[in-house]
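Worksheet: the structure to be examined is printed underneath.
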Amino acid sequence: MDDPLIIGSRSFNSRLLVGTGKYKDLEETKAAITSSGAEIVTVAIRRTNIGQNKDEPNLLDYISPEQWTILPNTAGCYNAEDAIRTCMLARELLDGHNLVKLEVLGEQKTLYPNMMHTISAAKTLIDDGFDVMVYCSDDPIFCSELDNMGCVSVMPLASPIGSGLGVVNPHTISIILENSTKPIIVDAGVGTASDAAIAMELGCEGVLMNTAIAKAKRPVMMAEAMRDAVISGRKAFRAGRMPKKIYGNASSPTQGLIE
């Protein structure tokens with residue numbers, strides 16, 4: 001762990017975070033997540049059974065909290081009150097687990113976040129002892145506000161949830177990174193491995209995705225591709241890319257040539 005991902009007091013080897021929705025069954029879910037190498041697995045509490053419905057298959061029978069860090073999320077919440085209640089339910093179901101992903105949506109068409117409700121819910125949850133990873137718009141001002149109030153990770157969207165458009169505003173993400181003191185993890189909109197690599201090359205600490213893997217023609221293979229892309233993108237960022245130039249520049253020496 002010479003380059004760990006630090007989220008609050010927790011440390012992880014993998015910088016790829018994955019979701020559990022949209023797979024054909026729980027067996028495929030486990031196979032893809034295993035191939036991804038992810039250590040953090042996010043779960044939509046309002047849509048996934050982790051013990052609250054006794055007569056339904058339990059995701060935790062396939063994705064064990066002993067092997068993966070379960071990250072409950074508030075997907076499907078459209079106001080602060082519902083999001084706060086969902087996080088409290090998750091903490092109860094997971095025996096006091098306080099790491100959560102906050103997501104408060106504005107409306108159903110774009111699935112963009114409602115930032116007023118997001119900020120309100122984040123403050124309440126932090127005051128109640130939660131470690132909050134927060135999905136948000138790619139607005140540097142909002143991101144700084146969430147960073148300063150004490151969220152353990154700020155998670156701006158690359159593009160709308162499930163769109164597969166990739167990082168549509170790389171310059172804005174760069175501004176967010178420049179002003180951040182907490183891990184910036186791109187969340188939503190990644191479609192393929194190159195999108196993940198671009199996010200990591202910008203300097204993001206990690207990438208969270210679900211649909212890009214679950215809806216690929218071969219989810220397990222795509223999970224492997226995303227794992228490798230995140231690793232390569234991080235290495236490229238740490239190595240430092242060459243400067244961009246307008247004109248060509250010969251690779252071989254121009255001095256001491258044989259006449």
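Ligands are numbered from 1 in the order shown, chains are lettered A, B, ... in the order of the structure tokens, and residues start at 1 in each chain.
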- For A:Tyr23, please output as a ChimeraX atom specification all residues within 12 Å (counting only C-alpha atoms; exclusion window: fewer than 6 positions along the same chain). /A:29-33,210-220
Residues of the last selection are to be written out with all heavy atoms, as a tab-separated table (two decimals), in the first residue's frame.
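Result file result_32.tsv:
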```
chain	number	residue	atom	x	y	z
A	29	THR	N	-23.54	-10.44	-9.96
A	29	THR	CA	-23.10	-9.31	-9.14
A	29	THR	C	-21.80	-9.64	-8.43
A	29	THR	O	-20.82	-8.87	-8.50
A	29	THR	CB	-24.17	-8.95	-8.09
A	29	THR	OG1	-25.42	-8.69	-8.73
A	29	THR	CG2	-23.75	-7.73	-7.28
A	30	LYS	N	-21.76	-10.78	-7.77
A	30	LYS	CA	-20.56	-11.16	-7.03
A	30	LYS	C	-19.38	-11.40	-7.96
A	30	LYS	O	-18.25	-10.97	-7.67
A	30	LYS	CB	-20.82	-12.42	-6.20
A	30	LYS	CG	-19.59	-12.84	-5.37
A	30	LYS	CD	-19.90	-14.03	-4.48
A	30	LYS	CE	-18.66	-14.39	-3.65
A	30	LYS	NZ	-18.94	-15.52	-2.73
A	31	ALA	N	-19.61	-12.05	-9.10
A	31	ALA	CA	-18.52	-12.34	-10.02
A	31	ALA	C	-17.89	-11.07	-10.57
A	31	ALA	O	-16.65	-10.94	-10.65
A	31	ALA	CB	-19.03	-13.21	-11.17
A	32	ALA	N	-18.73	-10.09	-10.94
A	32	ALA	CA	-18.21	-8.84	-11.48
A	32	ALA	C	-17.47	-8.04	-10.42
A	32	ALA	O	-16.39	-7.50	-10.67
A	32	ALA	CB	-19.35	-8.01	-12.07
A	33	ILE	N	-18.03	-7.98	-9.22
A	33	ILE	CA	-17.38	-7.21	-8.16
A	33	ILE	C	-16.05	-7.85	-7.78
A	33	ILE	O	-15.05	-7.15	-7.56
A	33	ILE	CB	-18.33	-7.10	-6.95
A	33	ILE	CG1	-19.50	-6.18	-7.30
A	33	ILE	CG2	-17.58	-6.58	-5.71
A	33	ILE	CD1	-20.58	-6.13	-6.26
A	210	ASN	N	-21.38	1.88	-11.64
A	210	ASN	CA	-22.26	0.71	-11.58
A	210	ASN	C	-22.70	0.29	-12.98
A	210	ASN	O	-22.33	-0.76	-13.48
A	210	ASN	CB	-23.45	1.01	-10.70
A	210	ASN	CG	-24.37	-0.19	-10.47
A	210	ASN	OD1	-25.35	-0.10	-9.75
A	210	ASN	ND2	-24.09	-1.34	-11.05
A	211	THR	N	-23.47	1.18	-13.64
A	211	THR	CA	-24.07	0.82	-14.93
A	211	THR	C	-23.03	0.43	-15.97
A	211	THR	O	-23.25	-0.48	-16.77
A	211	THR	CB	-24.92	1.99	-15.46
A	211	THR	OG1	-25.82	2.41	-14.44
A	211	THR	CG2	-25.71	1.57	-16.68
A	212	ALA	N	-21.89	1.11	-15.99
A	212	ALA	CA	-20.86	0.83	-17.00
A	212	ALA	C	-20.41	-0.62	-16.96
A	212	ALA	O	-20.05	-1.20	-17.99
A	212	ALA	CB	-19.65	1.75	-16.80
A	213	ILE	N	-20.43	-1.22	-15.79
A	213	ILE	CA	-20.07	-2.63	-15.66
A	213	ILE	C	-21.30	-3.51	-15.83
A	213	ILE	O	-21.32	-4.44	-16.63
A	213	ILE	CB	-19.39	-2.90	-14.30
A	213	ILE	CG1	-18.08	-2.13	-14.20
A	213	ILE	CG2	-19.16	-4.40	-14.11
A	213	ILE	CD1	-17.39	-2.26	-12.84
A	214	ALA	N	-22.35	-3.21	-15.08
A	214	ALA	CA	-23.53	-4.08	-15.04
A	214	ALA	C	-24.21	-4.22	-16.40
A	214	ALA	O	-24.77	-5.27	-16.72
A	214	ALA	CB	-24.52	-3.58	-14.00
A	215	LYS	N	-24.19	-3.16	-17.22
A	215	LYS	CA	-24.88	-3.19	-18.50
A	215	LYS	C	-23.95	-3.43	-19.69
A	215	LYS	O	-24.36	-3.32	-20.85
A	215	LYS	CB	-25.68	-1.91	-18.70
A	215	LYS	CG	-26.91	-1.82	-17.79
A	215	LYS	CD	-27.82	-3.04	-17.98
A	215	LYS	CE	-29.03	-3.00	-17.09
A	215	LYS	NZ	-29.87	-4.22	-17.25
A	216	ALA	N	-22.69	-3.74	-19.43
A	216	ALA	CA	-21.80	-4.15	-20.50
A	216	ALA	C	-22.25	-5.51	-21.04
A	216	ALA	O	-22.93	-6.27	-20.34
A	216	ALA	CB	-20.37	-4.25	-19.98
A	217	LYS	N	-21.87	-5.83	-22.27
A	217	LYS	CA	-22.25	-7.13	-22.83
A	217	LYS	C	-21.63	-8.27	-22.02
A	217	LYS	O	-22.23	-9.35	-21.88
A	217	LYS	CB	-21.81	-7.21	-24.30
A	217	LYS	CG	-22.58	-6.27	-25.21
A	217	LYS	CD	-22.13	-6.39	-26.66
A	217	LYS	CE	-22.91	-5.46	-27.56
A	217	LYS	NZ	-22.47	-5.53	-28.97
A	218	ARG	N	-20.43	-8.04	-21.50
A	218	ARG	CA	-19.76	-9.03	-20.65
A	218	ARG	C	-19.32	-8.32	-19.37
A	218	ARG	O	-18.20	-7.82	-19.27
A	218	ARG	CB	-18.58	-9.64	-21.40
A	218	ARG	CG	-19.00	-10.36	-22.69
A	218	ARG	CD	-17.82	-10.86	-23.49
A	218	ARG	NE	-17.11	-11.94	-22.79
A	218	ARG	CZ	-16.05	-12.59	-23.30
A	218	ARG	NH1	-15.59	-12.25	-24.51
A	218	ARG	NH2	-15.46	-13.54	-22.63
A	219	PRO	N	-20.19	-8.27	-18.37
A	219	PRO	CA	-19.91	-7.49	-17.16
A	219	PRO	C	-18.62	-7.87	-16.44
A	219	PRO	O	-17.89	-7.00	-15.96
A	219	PRO	CB	-21.14	-7.74	-16.29
A	219	PRO	CG	-22.23	-8.06	-17.26
A	219	PRO	CD	-21.56	-8.83	-18.36
A	220	VAL	N	-18.34	-9.17	-16.35
A	220	VAL	CA	-17.15	-9.59	-15.61
A	220	VAL	C	-15.88	-9.10	-16.32
A	220	VAL	O	-14.94	-8.61	-15.69
A	220	VAL	CB	-17.14	-11.12	-15.43
A	220	VAL	CG1	-15.84	-11.57	-14.78
A	220	VAL	CG2	-18.33	-11.56	-14.57
```
- Message: Residues within 12 Å of A:Asn148, please, as a list of chain:residue names. Count only C-alpha atoms; anything in the same chain fewer than 2 positions from it doesn't count.
- Response: A:Ile119, A:Ala122, A:Lys123, A:Ile126, A:Ile141, A:Phe142, A:Cys143, A:Ser144, A:Glu145, A:Leu146, A:Gly150, A:Cys151, A:Val152, A:Ser153, A:Val154, A:Asn179, A:Ser180, A:Thr181, A:Lys182
- Tell me, as a list in words, which residues lie within 9 Å of A:Pro170, counting only C-alpha atoms; anything in the same chain fewer than 6 positions away does not count.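 Returned residues: Ala158, Ile198, Ala199 and Leu202 of chain A.
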Contacts of stretch 101-107 of chain A at 6 Å or less, counting only C-alpha atoms, minus same-chain residues fewer than 6 places along, as a PDB file with N, CA and C atoms, in the first residue's frame?
```pdb
ATOM      1  N   ASN A  73     -25.973   3.648   0.336  1.00  0.00           N
ATOM      2  CA  ASN A  73     -26.251   4.932  -0.309  1.00  0.00           C
ATOM      3  C   ASN A  73     -27.739   5.233  -0.273  1.00  0.00           C
ATOM      4  N   THR A  74     -28.048   6.501  -0.513  1.00  0.00           N
ATOM      5  CA  THR A  74     -29.429   6.961  -0.392  1.00  0.00           C
ATOM      6  C   THR A  74     -30.081   7.171  -1.763  1.00  0.00           C
ATOM      7  N   ALA A  75     -29.676   6.368  -2.754  1.00  0.00           N
ATOM      8  CA  ALA A  75     -30.270   6.466  -4.086  1.00  0.00           C
ATOM      9  C   ALA A  75     -31.790   6.343  -3.991  1.00  0.00           C
ATOM     10  N   CYS A  77     -33.674   8.922  -3.048  1.00  0.00           N
ATOM     11  CA  CYS A  77     -34.162   9.959  -2.138  1.00  0.00           C
ATOM     12  C   CYS A  77     -34.185  11.304  -2.850  1.00  0.00           C
ATOM     13  N   TYR A  78     -35.275  12.063  -2.636  1.00  0.00           N
ATOM     14  CA  TYR A  78     -35.440  13.353  -3.298  1.00  0.00           C
ATOM     15  C   TYR A  78     -35.561  14.502  -2.316  1.00  0.00           C
ATOM     16  N   PRO A 113     -28.202  16.126  -8.774  1.00  0.00           N
ATOM     17  CA  PRO A 113     -28.452  16.270  -7.340  1.00  0.00           C
ATOM     18  C   PRO A 113     -29.144  17.577  -7.001  1.00  0.00           C
ATOM     19  N   ASN A 114     -29.979  17.528  -5.981  1.00  0.00           N
ATOM     20  CA  ASN A 114     -30.531  18.739  -5.373  1.00  0.00           C
ATOM     21  C   ASN A 114     -29.521  19.206  -4.332  1.00  0.00           C
ATOM     22  N   THR A 118     -28.911  18.357  -0.396  1.00  0.00           N
ATOM     23  CA  THR A 118     -27.679  17.594  -0.152  1.00  0.00           C
ATOM     24  C   THR A 118     -26.864  18.234   0.960  1.00  0.00           C
ATOM     25  N   VAL A 132     -19.463  10.931   5.848  1.00  0.00           N
ATOM     26  CA  VAL A 132     -20.299  11.153   4.670  1.00  0.00           C
ATOM     27  C   VAL A 132     -19.452  11.298   3.407  1.00  0.00           C
ATOM     28  N   MET A 133     -19.676  10.402   2.464  1.00  0.00           N
ATOM     29  CA  MET A 133     -19.180  10.545   1.100  1.00  0.00           C
ATOM     30  C   MET A 133     -20.365  11.077   0.302  1.00  0.00           C
ATOM     31  N   VAL A 134     -20.179  12.178  -0.427  1.00  0.00           N
ATOM     32  CA  VAL A 134     -21.345  12.891  -0.934  1.00  0.00           C
ATOM     33  C   VAL A 134     -21.311  13.053  -2.452  1.00  0.00           C
ATOM     34  N   TYR A 135     -22.364  12.562  -3.105  1.00  0.00           N
ATOM     35  CA  TYR A 135     -22.592  12.764  -4.543  1.00  0.00           C
ATOM     36  C   TYR A 135     -23.064  14.189  -4.761  1.00  0.00           C
TER      37      TYR A 135
END
```
- Closest to A:Asn53 among A:Glu39, A:Phe237, A:Leu93, A:Pro72, using only C-alpha atoms?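 For A:Asn53, the nearest of the candidates is A:Leu93.
Backbone DSSP assigns helix (DSSP H, G or I) in stretch 152-184 of chain A to Pro170, His171, Thr172, Ile173, Ser174, Ile175, Ile176, Leu177, Glu178 and Asn179 of chain A.
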Written file, previous selection with all heavy atoms, as a PDB file, in the first residue's frame:
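Heads up, here's the output in result38.pdb:
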```pdb
ATOM      1  N   PRO A 170     -13.917  18.178 -17.916  1.00  0.00           N
ATOM      2  CA  PRO A 170     -12.638  17.901 -17.263  1.00  0.00           C
ATOM      3  C   PRO A 170     -11.991  19.133 -16.635  1.00  0.00           C
ATOM      4  O   PRO A 170     -11.328  19.034 -15.598  1.00  0.00           O
ATOM      5  CB  PRO A 170     -11.767  17.344 -18.395  1.00  0.00           C
ATOM      6  CG  PRO A 170     -12.422  17.807 -19.656  1.00  0.00           C
ATOM      7  CD  PRO A 170     -13.880  17.848 -19.354  1.00  0.00           C
ATOM      8  N   HIS A 171     -12.196  20.304 -17.234  1.00  0.00           N
ATOM      9  CA  HIS A 171     -11.592  21.515 -16.679  1.00  0.00           C
ATOM     10  C   HIS A 171     -12.225  21.875 -15.333  1.00  0.00           C
ATOM     11  O   HIS A 171     -11.545  22.326 -14.406  1.00  0.00           O
ATOM     12  CB  HIS A 171     -11.720  22.670 -17.670  1.00  0.00           C
ATOM     13  CG  HIS A 171     -11.056  22.400 -18.985  1.00  0.00           C
ATOM     14  ND1 HIS A 171      -9.688  22.209 -19.097  1.00  0.00           N
ATOM     15  CD2 HIS A 171     -11.562  22.263 -20.233  1.00  0.00           C
ATOM     16  CE1 HIS A 171      -9.386  21.976 -20.362  1.00  0.00           C
ATOM     17  NE2 HIS A 171     -10.505  21.994 -21.074  1.00  0.00           N
ATOM     18  N   THR A 172     -13.537  21.665 -15.220  1.00  0.00           N
ATOM     19  CA  THR A 172     -14.212  21.917 -13.947  1.00  0.00           C
ATOM     20  C   THR A 172     -13.733  20.945 -12.881  1.00  0.00           C
ATOM     21  O   THR A 172     -13.502  21.330 -11.733  1.00  0.00           O
ATOM     22  CB  THR A 172     -15.734  21.793 -14.120  1.00  0.00           C
ATOM     23  OG1 THR A 172     -16.155  22.665 -15.164  1.00  0.00           O
ATOM     24  CG2 THR A 172     -16.451  22.160 -12.834  1.00  0.00           C
ATOM     25  N   ILE A 173     -13.568  19.681 -13.252  1.00  0.00           N
ATOM     26  CA  ILE A 173     -13.038  18.705 -12.302  1.00  0.00           C
ATOM     27  C   ILE A 173     -11.646  19.123 -11.841  1.00  0.00           C
ATOM     28  O   ILE A 173     -11.298  19.000 -10.657  1.00  0.00           O
ATOM     29  CB  ILE A 173     -12.999  17.300 -12.931  1.00  0.00           C
ATOM     30  CG1 ILE A 173     -14.409  16.800 -13.282  1.00  0.00           C
ATOM     31  CG2 ILE A 173     -12.297  16.304 -11.998  1.00  0.00           C
ATOM     32  CD1 ILE A 173     -15.310  16.578 -12.083  1.00  0.00           C
ATOM     33  N   SER A 174     -10.838  19.660 -12.751  1.00  0.00           N
ATOM     34  CA  SER A 174      -9.493  20.117 -12.384  1.00  0.00           C
ATOM     35  C   SER A 174      -9.552  21.250 -11.364  1.00  0.00           C
ATOM     36  O   SER A 174      -8.743  21.298 -10.428  1.00  0.00           O
ATOM     37  CB  SER A 174      -8.735  20.580 -13.633  1.00  0.00           C
ATOM     38  OG  SER A 174      -8.485  19.492 -14.502  1.00  0.00           O
ATOM     39  N   ILE A 175     -10.508  22.159 -11.512  1.00  0.00           N
ATOM     40  CA  ILE A 175     -10.666  23.254 -10.536  1.00  0.00           C
ATOM     41  C   ILE A 175     -11.068  22.685  -9.181  1.00  0.00           C
ATOM     42  O   ILE A 175     -10.557  23.107  -8.134  1.00  0.00           O
ATOM     43  CB  ILE A 175     -11.706  24.268 -11.036  1.00  0.00           C
ATOM     44  CG1 ILE A 175     -11.205  24.962 -12.304  1.00  0.00           C
ATOM     45  CG2 ILE A 175     -12.016  25.300  -9.956  1.00  0.00           C
ATOM     46  CD1 ILE A 175     -12.251  25.816 -12.984  1.00  0.00           C
ATOM     47  N   ILE A 176     -11.983  21.721  -9.184  1.00  0.00           N
ATOM     48  CA  ILE A 176     -12.408  21.090  -7.924  1.00  0.00           C
ATOM     49  C   ILE A 176     -11.211  20.446  -7.242  1.00  0.00           C
ATOM     50  O   ILE A 176     -11.011  20.595  -6.032  1.00  0.00           O
ATOM     51  CB  ILE A 176     -13.515  20.051  -8.204  1.00  0.00           C
ATOM     52  CG1 ILE A 176     -14.791  20.753  -8.680  1.00  0.00           C
ATOM     53  CG2 ILE A 176     -13.803  19.209  -6.958  1.00  0.00           C
ATOM     54  CD1 ILE A 176     -15.844  19.814  -9.234  1.00  0.00           C
ATOM     55  N   LEU A 177     -10.390  19.752  -8.003  1.00  0.00           N
ATOM     56  CA  LEU A 177      -9.209  19.089  -7.451  1.00  0.00           C
ATOM     57  C   LEU A 177      -8.229  20.101  -6.863  1.00  0.00           C
ATOM     58  O   LEU A 177      -7.632  19.887  -5.800  1.00  0.00           O
ATOM     59  CB  LEU A 177      -8.515  18.265  -8.535  1.00  0.00           C
ATOM     60  CG  LEU A 177      -9.236  16.985  -8.954  1.00  0.00           C
ATOM     61  CD1 LEU A 177      -8.705  16.480 -10.290  1.00  0.00           C
ATOM     62  CD2 LEU A 177      -9.087  15.912  -7.885  1.00  0.00           C
ATOM     63  N   GLU A 178      -8.072  21.210  -7.537  1.00  0.00           N
ATOM     64  CA  GLU A 178      -7.136  22.245  -7.088  1.00  0.00           C
ATOM     65  C   GLU A 178      -7.523  22.796  -5.728  1.00  0.00           C
ATOM     66  O   GLU A 178      -6.663  23.160  -4.919  1.00  0.00           O
ATOM     67  CB  GLU A 178      -7.112  23.374  -8.124  1.00  0.00           C
ATOM     68  CG  GLU A 178      -6.130  24.490  -7.824  1.00  0.00           C
ATOM     69  CD  GLU A 178      -6.147  25.565  -8.890  1.00  0.00           C
ATOM     70  OE1 GLU A 178      -6.595  25.262 -10.030  1.00  0.00           O
ATOM     71  OE2 GLU A 178      -5.719  26.692  -8.593  1.00  0.00           O
ATOM     72  N   ASN A 179      -8.821  22.851  -5.444  1.00  0.00           N
ATOM     73  CA  ASN A 179      -9.309  23.471  -4.205  1.00  0.00           C
ATOM     74  C   ASN A 179      -9.648  22.469  -3.104  1.00  0.00           C
ATOM     75  O   ASN A 179     -10.099  22.864  -2.035  1.00  0.00           O
ATOM     76  CB  ASN A 179     -10.559  24.305  -4.510  1.00  0.00           C
ATOM     77  CG  ASN A 179     -10.276  25.456  -5.450  1.00  0.00           C
ATOM     78  OD1 ASN A 179      -9.189  26.033  -5.416  1.00  0.00           O
ATOM     79  ND2 ASN A 179     -11.238  25.794  -6.292  1.00  0.00           N
TER      80      ASN A 179
END
```
- Task: Could you please write out, as a list of chain:residue names, every residue of stretch 107-172 of chain A that DSSP assigns to strand (DSSP E or B)?
- Result: A:Pro113, A:Asp131, A:Val132, A:Met133, A:Val134, A:Tyr135, A:Cys136, A:Ser153, A:Val154, A:Met155, A:Pro156
With C-alpha atoms retained, export the selected residues as a PDB file, in the first residue's frame.
```pdb
ATOM      1  CA  PRO A 113     -28.452  16.270  -7.340  1.00  0.00           C
ATOM      2  CA  ASP A 131     -18.680   9.672   7.764  1.00  0.00           C
ATOM      3  CA  VAL A 132     -20.299  11.153   4.670  1.00  0.00           C
ATOM      4  CA  MET A 133     -19.180  10.545   1.100  1.00  0.00           C
ATOM      5  CA  VAL A 134     -21.345  12.891  -0.934  1.00  0.00           C
ATOM      6  CA  TYR A 135     -22.592  12.764  -4.543  1.00  0.00           C
ATOM      7  CA  CYS A 136     -22.812  16.281  -5.925  1.00  0.00           C
ATOM      8  CA  SER A 153     -15.064  12.451   0.309  1.00  0.00           C
ATOM      9  CA  VAL A 154     -16.623  14.731  -2.298  1.00  0.00           C
ATOM     10  CA  MET A 155     -18.011  12.922  -5.349  1.00  0.00           C
ATOM     11  CA  PRO A 156     -18.833  15.177  -8.310  1.00  0.00           C
TER      12      PRO A 156
END
```
- Any idea what the distance is between atom CA of A:Ala229 and atom CA of A:Ala44?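 Between these atoms lies a distance of 25.1 Å.
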- Item | Closest of A:Asp3, A:Glu92, A:Glu28, A:Asp228 to A:Tyr62 - atom-to-atom distances counting only C-alpha atoms | A:Glu28
- Between A:Met200, A:Val100, A:Leu60, A:Val207, single out the one closest to A:Lys235, counting only C-alpha atoms.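 The shortest atom-to-atom distance to A:Lys235 comes from A:Met200.
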- Task: Measuring atom to atom with only C-alpha atoms, identify which of A:Glu27, A:Asn169, A:Ala188, A:Met226 is nearest to A:Pro57.
- Result: A:Glu27
- Item | atom CA of A:Leu157 to atom CA of A:Asp139, distance in Å rounded to a single decimal | 9.6 Å
- Considering only C-alpha atoms, return as a list in words whatever protein or nucleic-acid residues lie within 10 Å of A:Leu94, sequence-local ones (same chain, fewer than 4 positions apart) excluded. Ile50, Gly51, Pro65, Ile70, Pro72, Met88, Leu89, Ala90 and Asn98 of chain A
- Which distance in Å separates atom CA of A:Asp95 and atom CA of A:Thr20, to one decimal? 20.4 Å
- Query: Which one of A:Ile185, A:Ile45, A:Leu111, A:Ala121 sits closest to A:Thr86 if you count only C-alpha atoms?
  - Reply: A:Ile45
